[in-house]
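Peer 1: work_18.cif (mmCIF, C-alpha atoms and all ligand atoms) pasted underneath:
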```
data_protein
#
loop_
_atom_site.label_atom_id
_atom_site.label_comp_id
_atom_site.auth_asym_id
_atom_site.auth_seq_id
_atom_site.Cartn_x
_atom_site.Cartn_y
_atom_site.Cartn_z
CA MET Q 1 -21.07 -64.60 -115.25
CA THR Q 2 -17.54 -63.51 -116.18
CA ALA Q 3 -17.23 -60.11 -117.82
CA GLU Q 4 -15.41 -60.03 -121.14
CA LYS Q 5 -11.67 -60.02 -120.44
CA MET Q 6 -9.64 -56.90 -121.15
CA ALA Q 7 -7.08 -57.42 -123.93
CA VAL Q 8 -3.50 -57.35 -122.57
CA THR Q 9 -0.18 -57.98 -124.29
CA ARG Q 10 3.51 -58.04 -123.41
CA SER Q 11 3.66 -54.27 -123.95
CA THR Q 12 1.01 -53.78 -121.24
CA PHE Q 13 3.70 -54.98 -118.82
CA ASP Q 14 5.83 -51.92 -119.49
CA ASN Q 15 2.98 -49.64 -118.45
CA VAL Q 16 1.47 -51.37 -115.43
CA ILE Q 17 4.07 -53.53 -113.63
CA LEU Q 18 6.78 -52.17 -111.34
CA PRO Q 19 9.89 -52.33 -113.53
CA VAL Q 20 11.82 -54.86 -111.42
CA TYR Q 21 11.64 -57.63 -114.04
CA ALA Q 22 12.52 -57.89 -117.72
CA PRO Q 23 10.26 -60.77 -118.83
CA ALA Q 24 10.51 -62.58 -122.15
CA GLN Q 25 8.77 -61.05 -125.14
CA PHE Q 26 5.98 -63.66 -125.23
CA VAL Q 27 3.15 -64.17 -122.74
CA PRO Q 28 2.45 -67.79 -121.72
CA VAL Q 29 -1.27 -68.52 -121.43
CA LYS Q 30 -1.48 -72.28 -121.01
CA GLY Q 31 0.66 -75.20 -119.86
CA LYS Q 32 0.38 -78.98 -119.85
CA GLY Q 33 3.19 -81.20 -118.57
CA SER Q 34 6.41 -79.73 -119.99
CA ARG Q 35 4.72 -77.84 -122.84
CA VAL Q 36 3.59 -74.22 -122.71
CA TRP Q 37 1.64 -72.10 -125.24
CA ASP Q 38 1.73 -68.34 -125.69
CA GLN Q 39 -0.92 -65.79 -126.74
CA GLN Q 40 -0.26 -66.53 -130.42
CA GLY Q 41 -0.61 -70.28 -129.88
CA LYS Q 42 3.11 -70.90 -130.33
CA GLU Q 43 4.30 -73.94 -128.37
CA TYR Q 44 7.38 -74.12 -126.10
CA ILE Q 45 9.16 -76.92 -124.26
CA ASP Q 46 9.73 -75.83 -120.69
CA PHE Q 47 13.23 -76.47 -119.31
CA SER Q 48 12.82 -73.58 -116.82
CA GLY Q 49 10.14 -75.12 -114.60
CA GLY Q 50 9.10 -71.69 -113.35
CA ILE Q 51 12.60 -71.48 -111.77
CA ALA Q 52 12.59 -74.93 -110.15
CA VAL Q 53 8.96 -74.60 -109.03
CA THR Q 54 6.75 -76.66 -111.33
CA ALA Q 55 8.45 -79.92 -110.37
CA LEU Q 56 5.52 -81.99 -111.65
CA GLY Q 57 5.07 -79.97 -114.83
CA HIS Q 58 2.16 -77.69 -115.60
CA CYS Q 59 -1.36 -78.55 -114.44
CA HIS Q 60 -0.47 -82.03 -113.15
CA PRO Q 61 -3.85 -83.82 -112.94
CA ALA Q 62 -3.43 -84.80 -109.27
CA LEU Q 63 -2.56 -81.22 -108.26
CA VAL Q 64 -5.48 -79.85 -110.28
CA GLU Q 65 -7.82 -82.34 -108.63
CA THR Q 66 -6.59 -81.43 -105.13
CA LEU Q 67 -6.81 -77.70 -105.86
CA LYS Q 68 -10.37 -78.04 -107.13
CA ALA Q 69 -11.49 -80.24 -104.22
CA GLN Q 70 -9.91 -78.02 -101.54
CA GLY Q 71 -11.17 -74.93 -103.42
CA GLU Q 72 -14.69 -76.15 -102.83
CA THR Q 73 -14.00 -77.06 -99.19
CA LEU Q 74 -12.00 -74.42 -97.27
CA TRP Q 75 -9.55 -71.76 -98.49
CA HIS Q 76 -8.40 -69.84 -95.48
CA THR Q 77 -8.82 -69.62 -91.72
CA SER Q 78 -5.70 -67.68 -90.51
CA ASN Q 79 -3.55 -69.03 -87.71
CA VAL Q 80 -6.19 -68.18 -85.13
CA PHE Q 81 -7.43 -71.65 -86.16
CA THR Q 82 -5.42 -74.63 -87.35
CA ASN Q 83 -6.50 -76.79 -90.29
CA GLU Q 84 -6.29 -80.39 -91.47
CA PRO Q 85 -4.18 -79.95 -94.64
CA ALA Q 86 -1.49 -78.05 -92.68
CA LEU Q 87 -1.40 -80.71 -89.95
CA ARG Q 88 -1.14 -83.50 -92.52
CA LEU Q 89 1.57 -81.75 -94.57
CA ALA Q 90 3.63 -80.96 -91.44
CA SER Q 91 3.32 -84.58 -90.26
CA LYS Q 92 4.49 -85.87 -93.64
CA LEU Q 93 7.43 -83.45 -93.84
CA ILE Q 94 8.49 -84.54 -90.37
CA ALA Q 95 8.17 -88.23 -91.28
CA ALA Q 96 10.33 -87.65 -94.39
CA THR Q 97 13.12 -85.57 -92.82
CA PHE Q 98 15.27 -84.76 -89.77
CA ALA Q 99 12.63 -82.31 -88.58
CA GLU Q 100 10.30 -82.39 -85.59
CA ARG Q 101 8.61 -79.00 -86.04
CA VAL Q 102 7.36 -77.06 -89.06
CA PHE Q 103 6.54 -73.40 -89.66
CA PHE Q 104 4.63 -72.59 -92.85
CA ALA Q 105 5.00 -69.39 -94.86
CA ASN Q 106 4.37 -68.24 -98.43
CA SER Q 107 7.73 -67.71 -100.13
CA GLY Q 108 11.35 -68.71 -99.88
CA ALA Q 109 12.34 -65.35 -98.49
CA GLU Q 110 9.70 -65.60 -95.80
CA ALA Q 111 10.83 -69.09 -94.76
CA ASN Q 112 14.43 -67.84 -94.60
CA GLU Q 113 13.41 -64.74 -92.66
CA ALA Q 114 11.82 -67.08 -90.11
CA ALA Q 115 14.95 -69.27 -90.09
CA PHE Q 116 17.36 -66.37 -89.49
CA LYS Q 117 15.15 -64.86 -86.79
CA LEU Q 118 14.84 -68.26 -85.12
CA ALA Q 119 18.62 -68.81 -85.21
CA ARG Q 120 19.22 -65.43 -83.53
CA TYR Q 121 16.40 -65.93 -81.05
CA TYR Q 122 17.58 -69.40 -80.08
CA ALA Q 123 21.12 -68.14 -79.47
CA ALA Q 124 19.87 -65.19 -77.44
CA LYS Q 125 17.61 -67.36 -75.27
CA ARG Q 126 19.92 -70.35 -74.82
CA HIS Q 127 23.34 -68.72 -74.83
CA SER Q 128 23.79 -64.95 -74.95
CA PRO Q 129 22.21 -61.88 -76.55
CA TYR Q 130 25.64 -61.17 -78.08
CA LYS Q 131 25.65 -64.46 -79.97
CA SER Q 132 24.19 -62.96 -83.14
CA LYS Q 133 26.82 -63.38 -85.87
CA ILE Q 134 25.60 -65.07 -89.04
CA ILE Q 135 28.14 -66.53 -91.44
CA ALA Q 136 27.00 -66.69 -95.07
CA PHE Q 137 28.60 -66.99 -98.49
CA HIS Q 138 29.54 -64.90 -101.50
CA ASN Q 139 27.03 -65.33 -104.35
CA ALA Q 140 24.48 -66.91 -102.01
CA PHE Q 141 20.84 -66.08 -102.62
CA HIS Q 142 18.25 -66.23 -99.83
CA GLY Q 143 15.42 -63.96 -101.00
CA ARG Q 144 14.51 -60.28 -101.22
CA THR Q 145 13.45 -59.09 -97.78
CA LEU Q 146 15.99 -56.76 -96.19
CA PHE Q 147 17.28 -59.48 -93.82
CA THR Q 148 17.48 -62.11 -96.56
CA VAL Q 149 19.23 -59.86 -99.12
CA SER Q 150 21.65 -58.90 -96.34
CA VAL Q 151 22.47 -62.55 -95.59
CA GLY Q 152 22.62 -63.17 -99.35
CA GLY Q 153 26.05 -62.72 -100.84
CA GLN Q 154 25.34 -60.31 -103.70
CA PRO Q 155 25.62 -56.65 -102.59
CA LYS Q 156 23.86 -55.48 -105.76
CA TYR Q 157 20.63 -56.87 -104.22
CA SER Q 158 21.11 -55.30 -100.78
CA ASP Q 159 22.70 -51.91 -101.51
CA GLY Q 160 20.58 -48.78 -101.67
CA PHE Q 161 17.92 -49.71 -99.13
CA GLY Q 162 19.34 -47.98 -96.07
CA PRO Q 163 20.98 -49.57 -93.04
CA LYS Q 164 21.25 -53.36 -93.24
CA PRO Q 165 20.87 -55.81 -90.36
CA ALA Q 166 24.28 -55.99 -88.72
CA ASP Q 167 26.60 -58.84 -87.69
CA ILE Q 168 26.51 -60.78 -90.97
CA VAL Q 169 29.83 -61.99 -92.40
CA HIS Q 170 30.38 -63.30 -95.94
CA VAL Q 171 33.17 -65.64 -96.98
CA PRO Q 172 33.86 -67.61 -100.19
CA PHE Q 173 31.66 -70.67 -100.83
CA ASN Q 174 33.37 -74.07 -100.57
CA ASP Q 175 36.23 -72.50 -98.59
CA LEU Q 176 36.27 -74.11 -95.16
CA ALA Q 177 39.43 -72.29 -94.07
CA ALA Q 178 37.68 -68.96 -94.65
CA VAL Q 179 34.81 -70.07 -92.39
CA LYS Q 180 37.27 -71.22 -89.70
CA ALA Q 181 38.89 -67.80 -89.80
CA VAL Q 182 35.67 -65.96 -88.93
CA ILE Q 183 33.64 -68.38 -86.78
CA ASP Q 184 33.71 -67.80 -83.03
CA ASP Q 185 31.52 -68.35 -79.98
CA HIS Q 186 29.44 -65.29 -80.90
CA THR Q 187 28.32 -67.04 -84.09
CA CYS Q 188 24.68 -68.14 -83.95
CA ALA Q 189 24.43 -69.72 -87.41
CA ILE Q 190 26.03 -70.67 -90.69
CA VAL Q 191 23.56 -70.26 -93.54
CA VAL Q 192 24.27 -72.17 -96.76
CA GLU Q 193 22.64 -73.53 -99.92
CA PRO Q 194 23.85 -77.13 -100.45
CA ILE Q 195 23.76 -76.24 -104.15
CA GLN Q 196 24.03 -72.52 -104.88
CA GLY Q 197 21.27 -71.87 -107.40
CA GLU Q 198 21.17 -68.21 -108.41
CA GLY Q 199 24.90 -68.06 -107.69
CA GLY Q 200 25.68 -70.29 -110.68
CA VAL Q 201 24.44 -73.84 -109.96
CA MET Q 202 27.41 -74.71 -107.74
CA PRO Q 203 27.22 -77.74 -105.44
CA ALA Q 204 28.95 -77.67 -102.06
CA THR Q 205 31.78 -80.17 -101.77
CA PRO Q 206 31.27 -83.00 -99.24
CA ALA Q 207 34.30 -81.85 -97.23
CA PHE Q 208 32.85 -78.35 -97.02
CA MET Q 209 29.39 -79.49 -95.87
CA ASN Q 210 30.84 -81.89 -93.30
CA GLY Q 211 33.26 -79.23 -92.12
CA LEU Q 212 30.45 -76.69 -91.64
CA ARG Q 213 28.54 -79.19 -89.50
CA GLU Q 214 31.61 -79.78 -87.33
CA LEU Q 215 32.34 -76.08 -86.93
CA CYS Q 216 28.74 -75.46 -85.91
CA ASN Q 217 29.00 -78.21 -83.30
CA GLN Q 218 32.26 -76.79 -81.93
CA HIS Q 219 30.80 -73.27 -81.54
CA ASN Q 220 27.20 -74.05 -80.54
CA ALA Q 221 26.02 -72.51 -83.79
CA LEU Q 222 23.10 -73.72 -85.87
CA LEU Q 223 23.51 -75.06 -89.40
CA VAL Q 224 20.78 -73.47 -91.52
CA LEU Q 225 20.33 -75.05 -94.94
CA ASP Q 226 18.50 -73.03 -97.58
CA GLU Q 227 16.94 -75.74 -99.75
CA VAL Q 228 14.41 -73.41 -101.31
CA GLN Q 229 15.77 -74.31 -104.76
CA SER Q 230 17.63 -77.58 -104.14
CA GLY Q 231 14.86 -79.29 -102.17
CA MET Q 232 11.73 -81.28 -102.99
CA GLY Q 233 13.40 -83.86 -105.22
CA ARG Q 234 15.33 -81.43 -107.44
CA SER Q 235 18.69 -83.10 -106.66
CA GLY Q 236 17.38 -86.66 -106.94
CA LYS Q 237 16.91 -86.93 -103.15
CA LEU Q 238 14.02 -85.30 -101.33
CA PHE Q 239 16.50 -82.75 -99.91
CA ALA Q 240 19.99 -82.15 -101.28
CA HIS Q 241 21.71 -82.44 -97.88
CA GLU Q 242 20.91 -86.18 -97.98
CA HIS Q 243 23.69 -86.45 -100.59
CA TYR Q 244 26.15 -85.30 -97.92
CA ASP Q 245 24.99 -87.23 -94.87
CA VAL Q 246 24.83 -83.92 -92.99
CA GLN Q 247 21.85 -83.01 -90.79
CA PRO Q 248 20.83 -79.38 -90.45
CA ASP Q 249 19.31 -77.69 -87.40
CA ILE Q 250 17.02 -75.62 -89.59
CA LEU Q 251 16.05 -76.20 -93.22
CA THR Q 252 13.93 -74.05 -95.52
CA THR Q 253 11.99 -75.25 -98.54
CA ALA Q 254 9.71 -73.40 -100.93
CA LYS Q 255 9.86 -73.30 -104.75
CA ALA Q 256 8.74 -76.85 -105.68
CA LEU Q 257 6.91 -77.46 -102.40
CA GLY Q 258 3.56 -76.43 -103.86
CA GLY Q 259 4.39 -77.41 -107.45
CA GLY Q 260 3.48 -73.84 -108.47
CA PHE Q 261 1.12 -72.89 -105.66
CA PRO Q 262 2.84 -70.37 -103.34
CA VAL Q 263 3.86 -72.07 -100.10
CA SER Q 264 7.06 -72.47 -98.09
CA ALA Q 265 8.17 -74.18 -94.92
CA MET Q 266 10.87 -73.91 -92.30
CA LEU Q 267 11.74 -77.22 -90.66
CA THR Q 268 13.59 -77.59 -87.38
CA THR Q 269 14.16 -79.75 -84.32
CA ASN Q 270 12.22 -79.81 -81.04
CA GLU Q 271 15.27 -78.37 -79.27
CA VAL Q 272 15.54 -75.30 -81.52
CA ALA Q 273 11.76 -74.87 -81.69
CA SER Q 274 11.52 -74.94 -77.89
CA VAL Q 275 12.46 -71.25 -77.53
CA MET Q 276 9.42 -70.13 -79.52
CA ALA Q 277 6.10 -69.13 -77.97
CA PRO Q 278 2.80 -67.78 -79.31
CA GLY Q 279 3.23 -64.29 -80.74
CA VAL Q 280 7.01 -64.41 -81.28
CA HIS Q 281 6.67 -64.94 -85.04
CA GLY Q 282 3.84 -65.48 -87.53
CA THR Q 283 2.18 -64.76 -90.87
CA THR Q 284 -1.47 -64.49 -91.90
CA TYR Q 285 -1.45 -66.77 -94.94
CA GLY Q 286 1.20 -69.28 -93.75
CA GLY Q 287 -0.19 -72.80 -93.56
CA ASN Q 288 -3.30 -71.83 -95.48
CA PRO Q 289 -5.42 -74.96 -96.22
CA LEU Q 290 -5.46 -74.39 -100.00
CA ALA Q 291 -1.66 -74.15 -100.20
CA CYS Q 292 -1.06 -77.04 -97.80
CA ALA Q 293 -3.50 -79.35 -99.59
CA VAL Q 294 -1.71 -78.82 -102.90
CA ALA Q 295 1.72 -79.20 -101.28
CA GLU Q 296 0.64 -82.43 -99.58
CA THR Q 297 -0.24 -83.93 -102.96
CA ALA Q 298 3.02 -82.64 -104.47
CA LEU Q 299 5.02 -84.21 -101.62
CA ASP Q 300 3.11 -87.51 -101.92
CA ILE Q 301 4.08 -87.73 -105.59
CA ILE Q 302 7.64 -86.38 -105.42
CA ASN Q 303 8.71 -88.40 -102.38
CA THR Q 304 8.43 -91.75 -104.17
CA PRO Q 305 11.24 -93.98 -105.48
CA GLU Q 306 9.81 -93.70 -109.04
CA VAL Q 307 10.02 -89.91 -109.21
CA LEU Q 308 13.30 -89.57 -107.29
CA SER Q 309 15.13 -92.26 -109.28
CA GLY Q 310 13.69 -90.81 -112.49
CA VAL Q 311 15.56 -87.58 -111.75
CA GLU Q 312 18.94 -89.28 -112.17
CA SER Q 313 18.08 -90.93 -115.51
CA ARG Q 314 16.70 -87.65 -116.85
CA ARG Q 315 19.83 -85.81 -115.72
CA GLN Q 316 21.91 -88.34 -117.65
CA GLN Q 317 19.86 -87.67 -120.78
CA PHE Q 318 20.35 -83.90 -120.37
CA VAL Q 319 24.08 -84.20 -119.69
CA ASP Q 320 24.61 -86.52 -122.67
CA GLY Q 321 22.63 -84.15 -124.91
CA LEU Q 322 24.50 -81.06 -123.69
CA LYS Q 323 27.84 -82.82 -124.24
CA GLN Q 324 26.78 -83.61 -127.81
CA ILE Q 325 25.90 -79.95 -128.34
CA ASP Q 326 29.27 -78.98 -126.92
CA ALA Q 327 31.07 -81.44 -129.21
CA ALA Q 328 29.48 -79.70 -132.19
CA LEU Q 329 29.60 -76.07 -131.03
CA ASP Q 330 32.45 -75.89 -128.46
CA VAL Q 331 30.37 -73.73 -126.12
CA PHE Q 332 30.45 -75.18 -122.59
CA GLU Q 333 33.31 -75.11 -120.09
CA GLU Q 334 31.60 -77.54 -117.73
CA ILE Q 335 28.21 -79.14 -116.99
CA ARG Q 336 27.52 -79.03 -113.25
CA GLY Q 337 24.80 -79.20 -110.60
CA LYS Q 338 22.93 -82.18 -109.22
CA GLY Q 339 19.86 -84.01 -110.44
CA LEU Q 340 17.65 -81.73 -112.51
CA LEU Q 341 19.33 -78.54 -111.38
CA ILE Q 342 21.74 -78.30 -114.28
CA GLY Q 343 24.29 -75.58 -114.94
CA ALA Q 344 25.99 -75.39 -118.34
CA VAL Q 345 28.90 -73.00 -117.87
CA LEU Q 346 29.72 -70.94 -120.97
CA LYS Q 347 33.29 -70.90 -122.28
CA PRO Q 348 35.13 -67.61 -121.57
CA GLN Q 349 34.62 -66.38 -125.15
CA HIS Q 350 30.83 -66.68 -124.70
CA VAL Q 351 30.51 -65.12 -121.24
CA GLY Q 352 27.91 -62.35 -121.30
CA LYS Q 353 25.79 -64.05 -123.96
CA ALA Q 354 23.43 -65.83 -121.53
CA ARG Q 355 20.59 -63.36 -122.04
CA ASP Q 356 20.89 -63.53 -125.86
CA ILE Q 357 20.87 -67.32 -125.63
CA LEU Q 358 17.67 -67.22 -123.53
CA ASN Q 359 15.97 -65.00 -126.11
CA ALA Q 360 17.09 -67.17 -129.04
CA ALA Q 361 15.92 -70.28 -127.19
CA ALA Q 362 12.46 -68.76 -126.73
CA GLU Q 363 12.34 -67.93 -130.43
CA HIS Q 364 13.16 -71.56 -131.17
CA GLY Q 365 10.47 -72.80 -128.77
CA VAL Q 366 12.35 -73.76 -125.61
CA MET Q 367 12.26 -72.01 -122.24
CA ILE Q 368 15.57 -71.96 -120.34
CA LEU Q 369 17.15 -69.93 -117.51
CA ASN Q 370 20.45 -68.34 -116.73
CA ALA Q 371 22.27 -68.03 -113.42
CA GLY Q 372 24.45 -64.96 -113.80
CA THR Q 373 26.02 -63.99 -117.12
CA ASP Q 374 28.01 -67.15 -117.72
CA VAL Q 375 25.77 -70.09 -116.73
CA ILE Q 376 22.79 -71.52 -118.62
CA ARG Q 377 20.52 -73.09 -116.02
CA LEU Q 378 17.96 -75.83 -116.63
CA ALA Q 379 15.42 -76.72 -113.92
CA PRO Q 380 12.75 -78.72 -115.75
CA SER Q 381 9.90 -80.79 -114.39
CA LEU Q 382 11.14 -83.84 -112.45
CA VAL Q 383 8.77 -85.96 -114.55
CA ILE Q 384 9.55 -84.43 -117.95
CA GLU Q 385 9.00 -86.93 -120.79
CA PRO Q 386 12.25 -88.21 -122.38
CA GLY Q 387 10.83 -87.20 -125.77
CA ASP Q 388 10.43 -83.61 -124.56
CA ILE Q 389 14.07 -83.59 -123.43
CA THR Q 390 15.26 -84.74 -126.87
CA GLU Q 391 13.06 -82.26 -128.73
CA GLY Q 392 13.87 -79.37 -126.36
CA LEU Q 393 17.63 -79.97 -126.64
CA ALA Q 394 17.36 -79.98 -130.46
CA ARG Q 395 15.60 -76.60 -130.31
CA PHE Q 396 18.23 -75.34 -127.85
CA ALA Q 397 21.06 -76.42 -130.19
CA ALA Q 398 19.40 -74.64 -133.12
CA ALA Q 399 19.03 -71.49 -130.99
CA LEU Q 400 22.69 -71.60 -129.88
CA LYS Q 401 23.85 -71.69 -133.51
CA THR Q 402 22.16 -68.34 -134.14
CA VAL Q 403 23.91 -66.63 -131.21
CA LEU Q 404 27.48 -68.01 -131.11
C1 LIG Y 1 14.34 -68.53 -104.92
C2 LIG Y 1 15.17 -68.65 -103.72
C3 LIG Y 1 14.87 -67.94 -102.54
C4 LIG Y 1 13.76 -66.92 -102.48
O1 LIG Y 1 12.51 -67.49 -102.67
P1 LIG Y 1 11.27 -66.51 -102.97
O2 LIG Y 1 10.10 -67.45 -103.02
O3 LIG Y 1 11.55 -65.84 -104.26
O4 LIG Y 1 11.18 -65.56 -101.85
C5 LIG Y 1 15.63 -68.18 -101.42
N1 LIG Y 1 16.66 -69.05 -101.44
C6 LIG Y 1 16.99 -69.73 -102.55
C7 LIG Y 1 18.12 -70.70 -102.50
C8 LIG Y 1 16.27 -69.55 -103.73
O5 LIG Y 1 16.63 -70.21 -104.84
#
```
Could you express the structure from this file as structure tokens?
Peer 2:
Amino acid sequence: MTAEKMAVTRSTFDNVILPVYAPAQFVPVKGKGSRVWDQQGKEYIDFSGGIAVTALGHCHPALVETLKAQGETLWHTSNVFTNEPALRLASKLIAATFAERVFFANSGAEANEAAFKLARYYAAKRHSPYKSKIIAFHNAFHGRTLFTVSVGGQPKYSDGFGPKPADIVHVPFNDLAAVKAVIDDHTCAIVVEPIQGEGGVMPATPAFMNGLRELCNQHNALLVLDEVQSGMGRSGKLFAHEHYDVQPDILTTAKALGGGFPVSAMLTTNEVASVMAPGVHGTTYGGNPLACAVAETALDIINTPEVLSGVESRRQQFVDGLKQIDAALDVFEEIRGKGLLIGAVLKPQHVGKARDILNAAAEHGVMILNAGTDVIRLAPSLVIEPGDITEGLARFAAALKTVL
């Protein structure tokens, strides 16, 4: 049966993995709900959620059951054939959102790549080949392909890889006047995260989101919402744009869509989809039955009043706990975000300590994230037990005391 497994440790990483990550010093081997264990059997409470991915915690029984059942049924067919899980998942996403058409892919970047290509293609077909300008925002994050890092608003991710796709303009987030100054009839799309995630857990203001929609309407441009991080219940609504009463033309979702199984989707309207034809875009794995079966179960569970309303009560528990920590340690400037995408902004005197805080937290048995050098980010399971929140925050407070 299985050969004896080779012994590997954290130091193996430094010898075999491309050095593009700097992972924590422990190696997780097992997870259940919001608890994780490492190679030494040490236990952690997980406030990181695999970066807003494991929205139902680790090894949720319903996801495990679906994965096992589909694993014994059909894994992959390619898009030369369609499959039942993909058709069901697409139908359910359409029933739950503004969308009328779905394209499946495997990562956030890939869904965004499809979205940006579609926006350009639609403008070229319906209006003019010169209508190619994309307006995006400083500190935005859209993925790591060359097009998506170029639309992203952090040059450190896009510099050094040769010529970038042209006709992309960046302006400050939440600054409608700056968008007005650059938008014109050659603009094909505005691309925005309703809550900037990597950029520091910064929600868009309602006036900004509404203003973007109006500007798009005035200039026949598409509003593309990147909900890769903010979607799938993270904000307390299925998609964060529902907080703003603004409808997109294209929306991308990934991270929590498969609850930890790699899958992403681009959603759009019949009108925008109508320019596409077989062969114009595609991907081998996208809409794979294994991924879509798991995502269907994740969506069935997340898109319920119990789970979505539970997000708000859990947020309250986190915010209250973080405020208590701040009262004792005077560490946070502000607690921001929406739902269970929580940003705790460090006071100026603690800026730059985010990485040390992450390491200390791990030592004290709690997994957290940062978003830049000055924001501690929490993106736990949407169904995390209240007792785990209390215990995890106590560990976090103990860790903070060792760093400040
Ligand atoms: C994570 C993220 C992406 C990229 O997703 P990948 O799966 O890493 O390609 C894109 N947009 C946003 C808003 C994200 O948070």
Peer 1: May I have the residues within 7 Å of ligand LIG 1 (chain Y), computed using only C-alpha atoms and all ligand atoms, as a list in words?
Peer 2: Ser107, Gly108, Ala109, Glu110, Asn112, Phe141, His142, Gly143, Arg144, Glu193, Gln196, Gly197, Glu198, Asp226, Glu227, Val228, Gln229, Ala254 and Lys255 of chain Q
Peer 1: When you count only C-alpha atoms, which of these residues is closest to Gly260 of chain Q: Q:Val29, Q:Ala55, Q:Leu340, Q:Leu393?
Peer 2: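 Closest to Gly260 of chain Q of all the choices is Q:Ala55.
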Peer 1: May I ask which of the residues Q:Asp175, Q:Glu312, Q:Asp14, Q:Glu296 is the closest one to Leu341 of chain Q, counting only C-alpha atoms?
Peer 2: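 The shortest atom-to-atom distance to Leu341 of chain Q comes from Q:Glu312.
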Peer 1: May I ask for the distance between atom CA of Val375 of chain Q and atom CA of Gly199 of chain Q, given in Å to one decimal place?
Peer 2: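 Distance between the two atoms: 9.3 Å.
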Peer 1: Would you kindly return, as a list in words, each protein, DNA or RNA residue with an atom no farther than 12 Å from any atom of Gly310 of chain Q, considering all atoms listed in the file and excluding same-chain residues fewer than 5 positions away?
Peer 2: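 Counting all atoms listed in the file, the residues come to Gly233, Arg234, Ser235, Gly236, Lys237, Ile302, Asn303, Thr304, Pro305, Arg315, Gln316, Gln317, Gly339, Leu340, Ser381, Leu382, Val383, Ile384, Glu385 and Pro386 of chain Q.
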